Each structure stands twice: as structure tokens, then as C-alpha cells.
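Visitor: For reference, the structure I am asking about is given below.
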Amino acid sequence: MDKEILDKHWQSSRRLLWKVLAAWFFFAYVIHLFVGALNEATVGGFPLGYYFAAQGSLFAFVVIIFCFARAQEKIDTAHGVDEETGGAAATVTKTPAGENQ
């Protein structure tokens, strides 16, 4: 596999990683800063801040995981390193000692 293609793949993967980490940080920490203001409204007798902090963050994390997997698959396919075609895994060779090169 061409080193330039692998470098572009890694650059795209890193860009996606930082976006996912930013979304995770927002739902893990930033949204909790507004819980006090959100608690003025209620849903089903519970403060709205409870739903955003306890339930909404968990839901957001699951959505982030699925979005990350879909986006990473698109990146892999675009750079020819997806699991369907073998990609970079097909270029790994074994040495006589059985170690990957």
C-alpha cells in the first residue's frame, strides 16, 4: 500500500477523531454547566436538567458511536483500506519468524 495513501487515511481518521472527541466533551462536560438553568422546566415531574445530564448524554454517546463507525467506514472505503477489499491488511507480510512487517 502506498505510504501517501496511508498518510491521507490517517490524516482523515485523526480529523474525525478530534471531531468525535469534541462532541464527547460537549455532552460529557459542557451540557452539565447548564443543568441549573434547565432545572426550571420539568418533564414528567423531573427537572429537565436531569434528562439532559443523565439520559440525554447517554443517548448522545450512543449516537456518537454509530456516527463515528459510519464516518470511519466511509474514510476507509475512500482510501481503499476497508475490510471488504482487504485494504492495508492485505499488504502485511510475514517474516520467517512469524512477525508482521
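Just remember, in the C-alpha cells the first chain shown is A, the second B, etc., residues are 1-based per chain, and ligands are 1-based in the order shown.
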Skip Glu73 of chain A itself and residues of its chain fewer than 2 positions away, then list as a list in words all residues within 12 Å of it, counting only C-alpha atoms.
Guide: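 The contact residues come out as His9, Ser12, Ser13, Leu16, Phe66, Cys67, Phe68, Ala69, Arg70, Ala71, Ile75, Asp76, Thr77, Ala78, His79, Gly80, Val81, Asp82, Glu83 and Glu84 of chain A.
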Visitor: Compile the contact shell of segment 23-34 of chain A as a ChimeraX atom specification: residues with an atom at most 10 Å away, counting only C-alpha atoms, same-chain residues fewer than 6 positions apart removed.
Guide: /A:17,49-50,52-54,56-61,64-65
Visitor: For the residues in the current selection, export N, CA and C atoms as a CSV table (one decimal), in the first residue's frame.
Guide:
```csv
chain,number,residue,atom,x,y,z
A,17,LEU,N,-11.4,11.8,14.5
A,17,LEU,CA,-11.2,11.6,15.9
A,17,LEU,C,-11.4,12.8,16.8
A,49,GLY,N,-33.1,19.4,33.5
A,49,GLY,CA,-31.6,19.2,33.6
A,49,GLY,C,-31.3,17.8,33.9
A,50,TYR,N,-32.1,17.1,34.6
A,50,TYR,CA,-31.9,15.6,34.9
A,50,TYR,C,-31.9,14.8,33.6
A,52,PHE,N,-31.4,15.9,30.5
A,52,PHE,CA,-30.2,16.3,29.7
A,52,PHE,C,-28.9,15.7,30.2
A,53,ALA,N,-28.8,15.8,31.5
A,53,ALA,CA,-27.5,15.3,32.1
A,53,ALA,C,-27.4,13.8,32.2
A,54,ALA,N,-28.5,13.2,32.7
A,54,ALA,CA,-28.4,11.7,32.9
A,54,ALA,C,-28.8,10.9,31.7
A,56,GLY,N,-29.9,12.3,28.4
A,56,GLY,CA,-29.5,12.8,27.1
A,56,GLY,C,-28.1,12.6,26.8
A,57,SER,N,-27.2,12.7,27.7
A,57,SER,CA,-25.8,12.4,27.5
A,57,SER,C,-25.6,11.0,27.1
A,58,LEU,N,-26.2,10.0,27.7
A,58,LEU,CA,-26.0,8.6,27.4
A,58,LEU,C,-26.6,8.4,25.9
A,59,PHE,N,-27.7,8.9,25.6
A,59,PHE,CA,-28.2,8.8,24.3
A,59,PHE,C,-27.3,9.4,23.2
A,60,ALA,N,-26.7,10.6,23.6
A,60,ALA,CA,-25.8,11.2,22.7
A,60,ALA,C,-24.5,10.4,22.5
A,61,PHE,N,-24.0,9.7,23.5
A,61,PHE,CA,-22.9,8.9,23.4
A,61,PHE,C,-23.1,7.7,22.4
A,64,ILE,N,-23.2,9.1,18.9
A,64,ILE,CA,-21.8,9.4,18.5
A,64,ILE,C,-21.0,8.2,18.1
A,65,ILE,N,-21.2,7.1,18.8
A,65,ILE,CA,-20.6,5.8,18.4
A,65,ILE,C,-21.0,5.4,17.0
```
Visitor: What separation in Å, quoted to one decimal, exists between atom CA of Arg15 of chain A and atom CA of Thr85 of chain A?
Guide: 23.4 Å
Visitor: Using only C-alpha atoms, which residues sit within 6 Å of Leu48 of chain A once same-chain residues fewer than 5 positions away are excluded, as a list in words?
Guide: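 Contacts, with the query itself left out: Leu38, Asn39, Ala41, Thr42 and Val43 of chain A.
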Visitor: Just asking: which residues within chain A are helix (DSSP H, G or I) according to DSSP, as a VMD selection string?
Guide: chain A and resid 3 to 38 48 to 78 87 to 91
